[in-house]
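Structure data follow from work-v7.pdb (PDB, C-alpha atoms):
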```pdb
ATOM      1  CA  MET Z 190      -0.442   2.533  44.886
ATOM      2  CA  TYR Z 191       2.883   3.449  46.450
ATOM      3  CA  ALA Z 192       3.280   6.397  48.823
ATOM      4  CA  GLN Z 193       6.124   8.262  50.486
ATOM      5  CA  THR Z 194       7.803   6.001  53.061
ATOM      6  CA  ARG Z 195      10.377   8.346  54.595
ATOM      7  CA  LYS Z 196       9.940  11.947  55.694
ATOM      8  CA  ILE Z 197      12.478  14.342  54.209
ATOM      9  CA  LYS Z 198      14.036  16.634  56.788
ATOM     10  CA  PRO Z 199      16.102  19.805  56.216
ATOM     11  CA  THR Z 200      19.861  19.244  56.306
ATOM     12  CA  ARG Z 201      22.880  21.509  56.427
ATOM     13  CA  ARG Z 202      24.614  19.635  53.628
ATOM     14  CA  SER Z 203      22.008  20.185  50.926
ATOM     15  CA  VAL Z 204      19.026  22.275  49.872
ATOM     16  CA  SER Z 205      15.673  20.654  50.574
ATOM     17  CA  GLY Z 206      12.230  21.894  49.644
ATOM     18  CA  ILE Z 207       8.876  21.190  48.022
ATOM     19  CA  PHE Z 208       8.254  21.001  44.286
ATOM     20  CA  ALA Z 209       4.738  21.796  43.028
ATOM     21  CA  PHE Z 210       4.163  19.113  40.399
ATOM     22  CA  ARG Z 211       1.759  20.547  37.812
ATOM     23  CA  SER Z 212       0.439  22.827  40.585
ATOM     24  CA  SER Z 213      -1.555  19.925  42.031
ATOM     25  CA  GLU Z 214       0.866  17.784  44.061
ATOM     26  CA  SER Z 215       3.680  18.661  46.472
ATOM     27  CA  ILE Z 216       6.796  16.553  46.017
ATOM     28  CA  PRO Z 217       9.634  16.913  48.562
ATOM     29  CA  PHE Z 218      13.259  16.974  47.410
ATOM     30  CA  GLU Z 219      16.564  16.807  49.297
ATOM     31  CA  SER Z 220      18.957  18.576  46.935
ATOM     32  CA  THR Z 221      19.084  20.981  44.012
ATOM     33  CA  LEU Z 222      19.949  18.017  41.794
ATOM     34  CA  GLU Z 223      16.717  16.277  42.836
ATOM     35  CA  ARG Z 224      14.833  19.539  42.238
ATOM     36  CA  ASP Z 225      16.291  19.809  38.740
ATOM     37  CA  PHE Z 226      15.327  16.197  38.052
ATOM     38  CA  LEU Z 227      11.737  17.071  39.007
ATOM     39  CA  ILE Z 228      11.744  20.176  36.800
ATOM     40  CA  ARG Z 229      12.993  18.155  33.831
ATOM     41  CA  THR Z 230      10.635  15.238  34.443
ATOM     42  CA  GLU Z 231       7.537  17.391  34.930
ATOM     43  CA  PHE Z 232       7.987  18.826  31.422
ATOM     44  CA  ASN Z 233       7.483  15.331  29.971
ATOM     45  CA  LEU Z 234       3.727  15.202  29.382
ATOM     46  CA  SER Z 235       3.696  11.407  29.417
ATOM     47  CA  VAL Z 236       4.679  11.511  33.106
ATOM     48  CA  SER Z 237       1.498  11.314  35.164
ATOM     49  CA  LYS Z 238       2.733  11.023  38.743
ATOM     50  CA  ILE Z 239       5.937  11.196  40.800
ATOM     51  CA  ILE Z 240       6.257   9.774  44.314
ATOM     52  CA  ALA Z 241       9.199  10.718  46.527
ATOM     53  CA  GLN Z 242      10.829   8.102  48.793
ATOM     54  CA  PRO Z 243       8.349   5.539  47.413
ATOM     55  CA  THR Z 244       9.476   2.246  48.941
ATOM     56  CA  GLN Z 245      12.018   0.608  51.235
ATOM     57  CA  ILE Z 246      14.187  -2.189  49.882
ATOM     58  CA  PRO Z 247      16.057  -4.591  52.218
ATOM     59  CA  PHE Z 248      19.542  -5.457  50.976
ATOM     60  CA  ILE Z 249      22.786  -7.059  52.103
ATOM     61  CA  GLY Z 250      25.829  -4.759  52.040
ATOM     62  CA  SER Z 251      29.330  -5.699  50.949
ATOM     63  CA  ASN Z 252      30.128  -6.274  54.644
ATOM     64  CA  GLY Z 253      27.398  -8.919  54.934
ATOM     65  CA  ARG Z 254      25.107  -6.765  57.087
ATOM     66  CA  SER Z 255      21.424  -6.068  56.426
ATOM     67  CA  TYR Z 256      20.301  -2.552  55.469
ATOM     68  CA  ILE Z 257      17.265  -0.706  54.132
ATOM     69  CA  TYR Z 258      17.530   1.337  50.923
ATOM     70  CA  THR Z 259      14.959   4.004  50.026
ATOM     71  CA  PRO Z 260      15.164   5.170  46.370
ATOM     72  CA  ASP Z 261      14.447   8.820  45.647
ATOM     73  CA  PHE Z 262      11.486   8.694  43.260
ATOM     74  CA  LEU Z 263       8.950   6.484  41.533
ATOM     75  CA  VAL Z 264       7.856   7.924  38.193
ATOM     76  CA  TYR Z 265       4.623   6.785  36.543
ATOM     77  CA  GLY Z 266       4.055   7.481  32.868
ATOM     78  CA  ASP Z 267       1.518   6.848  30.137
ATOM     79  CA  GLY Z 268       2.835   4.456  27.511
ATOM     80  CA  GLN Z 269       6.152   3.913  29.260
ATOM     81  CA  LYS Z 270       7.513   1.690  32.020
ATOM     82  CA  THR Z 271       7.382   2.914  35.593
ATOM     83  CA  LEU Z 272      10.791   4.184  36.715
ATOM     84  CA  LEU Z 273      12.361   3.657  40.110
ATOM     85  CA  VAL Z 274      14.924   6.452  40.344
ATOM     86  CA  GLU Z 275      18.039   7.262  42.341
ATOM     87  CA  VAL Z 276      19.409  10.802  41.989
ATOM     88  CA  LYS Z 277      23.037  11.058  43.031
ATOM     89  CA  PRO Z 278      25.960  13.422  42.238
ATOM     90  CA  LYS Z 279      28.435  11.817  39.845
ATOM     91  CA  GLU Z 280      31.344  12.533  42.191
ATOM     92  CA  GLU Z 281      29.637  10.601  44.976
ATOM     93  CA  LEU Z 282      28.874   7.725  42.626
ATOM     94  CA  ASP Z 283      32.521   7.564  41.560
ATOM     95  CA  ILE Z 284      33.932   7.722  45.098
ATOM     96  CA  LYS Z 285      31.431   5.413  46.819
ATOM     97  CA  TRP Z 286      30.547   3.026  43.992
ATOM     98  CA  SER Z 287      31.789  -0.101  45.798
ATOM     99  CA  LEU Z 288      29.530   0.757  48.758
ATOM    100  CA  LEU Z 289      26.546   1.805  46.650
ATOM    101  CA  LYS Z 290      26.636  -1.053  44.157
ATOM    102  CA  PRO Z 291      24.977  -3.702  46.410
ATOM    103  CA  LYS Z 292      21.877  -1.623  47.124
ATOM    104  CA  PHE Z 293      21.559  -0.605  43.486
ATOM    105  CA  LYS Z 294      21.768  -4.281  42.518
ATOM    106  CA  TYR Z 295      18.876  -5.067  44.848
ATOM    107  CA  ALA Z 296      16.921  -2.058  43.550
ATOM    108  CA  HIS Z 297      17.353  -3.279  39.977
ATOM    109  CA  ARG Z 298      16.037  -6.713  40.981
ATOM    110  CA  TYR Z 299      13.171  -5.156  42.964
ATOM    111  CA  ALA Z 300      12.133  -3.041  39.957
ATOM    112  CA  LYS Z 301      12.427  -5.910  37.472
ATOM    113  CA  GLU Z 302      10.156  -8.112  39.609
ATOM    114  CA  ARG Z 303       7.454  -5.439  39.307
ATOM    115  CA  GLY Z 304       7.904  -4.732  35.608
ATOM    116  CA  TRP Z 305       9.648  -1.414  36.291
ATOM    117  CA  LEU Z 306      13.031   0.003  35.356
ATOM    118  CA  PHE Z 307      15.625   1.185  37.852
ATOM    119  CA  LYS Z 308      17.729   4.146  36.717
ATOM    120  CA  ILE Z 309      20.430   6.274  38.304
ATOM    121  CA  TYR Z 310      20.479   9.964  37.372
ATOM    122  CA  HIS Z 311      23.512  12.196  37.919
ATOM    123  CA  GLU Z 312      24.366  15.693  36.638
ATOM    124  CA  ASN Z 313      25.146  14.550  33.097
ATOM    125  CA  ARG Z 314      21.667  13.042  32.719
ATOM    126  CA  ILE Z 315      19.821  15.938  34.368
ATOM    127  CA  ARG Z 316      21.642  19.237  33.856
ATOM    128  CA  ASP Z 317      21.798  19.149  30.078
ATOM    129  CA  GLN Z 318      20.656  21.463  27.290
ATOM    130  CA  LYS Z 319      17.068  20.318  27.678
ATOM    131  CA  LEU Z 320      16.982  21.409  31.322
ATOM    132  CA  LYS Z 321      18.488  24.790  30.407
ATOM    133  CA  ASN Z 322      15.763  25.325  27.807
ATOM    134  CA  ILE Z 323      13.028  24.256  30.219
ATOM    135  CA  GLN Z 324      14.371  26.651  32.869
ATOM    136  CA  PHE Z 325      14.363  29.461  30.301
ATOM    137  CA  LEU Z 326      10.724  28.777  29.426
ATOM    138  CA  GLN Z 327       9.634  28.543  33.059
ATOM    139  CA  ARG Z 328       9.818  32.299  33.534
ATOM    140  CA  PHE Z 329       6.994  32.691  30.985
ATOM    141  CA  LYS Z 330       4.786  29.847  32.221
ATOM    142  CA  ARG Z 331       2.464  31.965  34.388
ATOM    143  CA  LEU Z 332       1.996  34.720  31.815
ATOM    144  CA  ASP Z 333      -1.652  35.609  31.211
ATOM    145  CA  VAL Z 334      -2.421  35.362  27.485
ATOM    146  CA  ASP Z 335      -5.811  36.061  25.884
ATOM    147  CA  PRO Z 336      -7.408  32.652  25.107
ATOM    148  CA  ALA Z 337      -8.746  34.029  21.799
ATOM    149  CA  LEU Z 338      -5.194  34.951  20.773
ATOM    150  CA  VAL Z 339      -3.960  31.503  21.767
ATOM    151  CA  ASN Z 340      -6.638  29.819  19.645
ATOM    152  CA  SER Z 341      -5.894  32.066  16.672
ATOM    153  CA  PHE Z 342      -2.170  31.357  16.826
ATOM    154  CA  ARG Z 343      -2.766  27.612  17.237
ATOM    155  CA  THR Z 344      -5.021  27.590  14.179
ATOM    156  CA  PHE Z 345      -2.453  29.554  12.179
ATOM    157  CA  LEU Z 346       0.418  27.276  13.143
ATOM    158  CA  ASP Z 347      -1.655  24.164  12.534
ATOM    159  CA  LYS Z 348      -2.227  25.300   8.946
ATOM    160  CA  SER Z 349       1.305  26.599   8.404
ATOM    161  CA  GLY Z 350       3.204  23.607   9.768
ATOM    162  CA  GLN Z 351       6.704  23.962  11.178
ATOM    163  CA  LEU Z 352       8.143  27.481  11.148
ATOM    164  CA  PRO Z 353      11.092  29.327  12.715
ATOM    165  CA  PHE Z 354       9.959  31.169  15.859
ATOM    166  CA  ILE Z 355      10.531  34.675  14.455
ATOM    167  CA  ASP Z 356       8.969  33.885  11.055
ATOM    168  CA  ALA Z 357       5.832  32.486  12.685
ATOM    169  CA  ILE Z 358       5.347  35.736  14.603
ATOM    170  CA  LYS Z 359       5.972  37.935  11.548
ATOM    171  CA  ILE Z 360       3.646  35.973   9.270
ATOM    172  CA  PHE Z 361       0.894  35.707  11.881
ATOM    173  CA  ASN Z 362       1.025  39.414  12.677
ATOM    174  CA  GLY Z 363       1.242  40.284   8.974
ATOM    175  CA  GLU Z 364      -2.006  38.484   8.223
ATOM    176  CA  ALA Z 365      -3.814  40.770  10.710
ATOM    177  CA  LEU Z 366      -6.420  38.110  11.465
ATOM    178  CA  ALA Z 367      -6.267  38.723  15.191
ATOM    179  CA  LYS Z 368      -4.451  40.758  17.809
ATOM    180  CA  PRO Z 369      -0.692  40.753  17.223
ATOM    181  CA  ILE Z 370       1.335  38.262  19.183
ATOM    182  CA  ASN Z 371       4.775  38.956  20.679
ATOM    183  CA  ASP Z 372       7.852  36.947  21.573
ATOM    184  CA  THR Z 373       6.967  36.651  25.255
ATOM    185  CA  GLN Z 374       3.519  35.262  24.507
ATOM    186  CA  VAL Z 375       4.946  32.624  22.162
ATOM    187  CA  TRP Z 376       7.504  31.616  24.820
ATOM    188  CA  HIS Z 377       4.516  31.173  27.131
ATOM    189  CA  LEU Z 378       2.805  28.871  24.628
ATOM    190  CA  LEU Z 379       5.952  26.739  24.523
ATOM    191  CA  ALA Z 380       6.150  26.667  28.326
ATOM    192  CA  ALA Z 381       2.466  25.723  28.568
ATOM    193  CA  ARG Z 382       2.988  22.988  25.936
ATOM    194  CA  VAL Z 383       0.405  24.492  23.582
ATOM    195  CA  ILE Z 384       3.078  24.435  20.885
ATOM    196  CA  GLU Z 385       6.294  22.441  20.668
ATOM    197  CA  CYS Z 386       9.952  22.779  19.728
ATOM    198  CA  GLU Z 387      13.104  20.667  19.892
ATOM    199  CA  LEU Z 388      14.724  21.135  23.306
ATOM    200  CA  THR Z 389      17.606  18.699  23.551
ATOM    201  CA  THR Z 390      20.201  19.875  21.044
ATOM    202  CA  HIS Z 391      20.531  23.678  20.974
ATOM    203  CA  PRO Z 392      19.539  26.680  23.098
ATOM    204  CA  ILE Z 393      16.128  27.875  22.005
ATOM    205  CA  ASP Z 394      16.060  31.296  20.347
ATOM    206  CA  GLU Z 395      14.258  33.198  17.590
ATOM    207  CA  LYS Z 396      15.495  30.714  14.974
ATOM    208  CA  THR Z 397      14.062  27.701  16.799
ATOM    209  CA  ILE Z 398      11.519  25.730  14.762
ATOM    210  CA  ILE Z 399       8.090  25.570  16.389
ATOM    211  CA  TRP Z 400       4.987  23.551  15.575
ATOM    212  CA  ILE Z 401       1.557  22.834  16.977
ATOM    213  CA  ARG Z 402       1.249  20.114  19.618
ATOM    214  CA  GLN Z 403      -1.199  17.501  18.449
ATOM    215  CA  SER Z 404      -3.942  16.579  20.898
ATOM    216  CA  GLU Z 405      -3.575  13.121  22.380
TER     217      GLU Z 405
END
```

Write-out of the structure in structure tokens:
Amino acid sequence: MYAQTRKIKPTRRSVSGIFAFRSSESIPFESTLERDFLIRTEFNLSVSKIIAQPTQIPFIGSNGRSYIYTPDFLVYGDGQKTLLVEVKPKEELDIKWSLLKPKFKYAHRYAKERGWLFKIYHENRIRDQKLKNIQFLQRFKRLDVDPALVNSFRTFLDKSGQLPFIDAIKIFNGEALAKPINDTQVWHLLAARVIECELTTHPIDEKTIIWIRQSE
């Protein structure tokens, strides 16, 4: 198992901190872009573990000198290839590509030898509509909702199939089979991944189609 190989220190140029992955592991980050990558990746339930600064890769630069490259993250997932990840602003990639290309080439080879994938993430791959929707839902994640109400709504939605957000609430409350449920509580169920919706295309709102998440 890989572990963090380089300690992340605070810098004046960027915002560093600690991300609580699923409230069980502390993952350090060196920029808001790295933080947003972690937020987006955590929401993917197939991701089981993320390691920051996971390994050190020797490489030869364009000047012929030897260097050590430490990628940002190693992402383990169920049913998917392990990802070795570099998070870098697009502007920096564009300006410094000739200098960065050698170490990325070695990282790609290093990952391939281990059956992994090496991927570079910049703003366009991180700060998209999906991230915006995840950030919206995050404010409801810690809401305390009656477990009996959660079970009742899950059962209702399981029988009803896919429904627009607002219609699901109206129909559920109209049946008067349990305590009424409100918008905030349903947002919480989406944040907690009890129910699902499409996140990548449009901002989520009261017209968003929701459905029950099937147990794995």

(message) Applying 6 Å and all atoms listed in the file, which residues near Thr259 in chain Z remain after dropping the ones on its own chain fewer than 5 positions away? List them as a ChimeraX atom specification.
(response) /Z:242,244-245

(message) Here's the selection I'm unsure about, the PyMOL selection byres ((chain Z and resi 377) around 9); applied to the file above, which residues does it give, as a list in words?
(response)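 Output of the PyMOL selection byres ((chain Z and resi 377) around 9): Leu326, Gln327, Arg328, Phe329, Lys330, Arg331, Leu332, Asp333, Val334, Asp372, Thr373, Gln374, Val375, Trp376, Leu378, Leu379, Ala380, Ala381, Arg382 and Val383 of chain Z.
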
(message) Which residues are near range 221-234 of chain Z? Cut-off 9 Å, all atoms listed in the file, ignore same chain within fewer than 6 positions. Put them as a PyMOL selection string.
(response) chain Z and resi 203-208+210-211+261+264+266-267+276-278+310-312+314-316+319-320+323-324+380+382

(message) So, with only C-alpha atoms as the atoms that count, which of Z:Pro260, Z:Pro217, Z:Pro291, Z:Gly350 lies closest to Phe248 in chain Z?
(response)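 Using only C-alpha atoms, the shortest distance to Phe248 in chain Z belongs to Z:Pro291.
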
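Take the candidates Z:Lys359, Z:Lys290, Z:Lys285, Z:Lys308 and check each one against Thr271 in chain Z using only C-alpha atoms; the shortest distance goes to Z:Lys308.
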
(message) Suppose a student applies the PyMOL selection byres ((chain Z and resi 270) around 12) to this structure; what residues should they get, written as a list in words?
(response) Ser235, Val236, Ser237, Leu263, Val264, Tyr265, Gly266, Asp267, Gly268, Gln269, Thr271, Leu272, Leu273, Ala300, Lys301, Arg303, Gly304, Trp305, Leu306, Phe307 and Lys308 of chain Z

(request) Report the distance between CA of Lys368 in chain Z and CA of Ile384 in chain Z in Å, rounded to one decimal place. (result)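 Spanning CA of Lys368 in chain Z to CA of Ile384 in chain Z is a straight-line distance of 18.2 Å.
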
(message) One decimal, in Å: what's the spacing between CA of Arg402 in chain Z and CA of Asp347 in chain Z?
(response)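 Between CA of Arg402 in chain Z and CA of Asp347 in chain Z the gap works out to 8.7 Å.
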
Set up a box along x, y and z of the file covering all listed atoms of range 327-339 of chain Z, add 3 Å on every one of the six sides, and write the centre and edge lengths in Å to one decimal, as AutoDock Vina command-line options.
```
--center_x 0.5 --center_y 32.3 --center_z 27.6 --size_x 24.6 --size_y 13.5 --size_z 19.6
```

(message) If the PyMOL selection byres ((chain Z and resi 338) around 10) were run on this exact file, what residues would it hold? Put them as a list in words.
(response) Val334, Asp335, Pro336, Ala337, Val339, Asn340, Ser341, Phe342, Arg343, Thr344, Leu366, Ala367, Lys368, Pro369, Ile370 and Gln374 of chain Z

(request) One decimal, Å: what's the distance from CA of Asn362 in chain Z over to CA of Leu388 in chain Z, could you say? (result) 25.2 Å
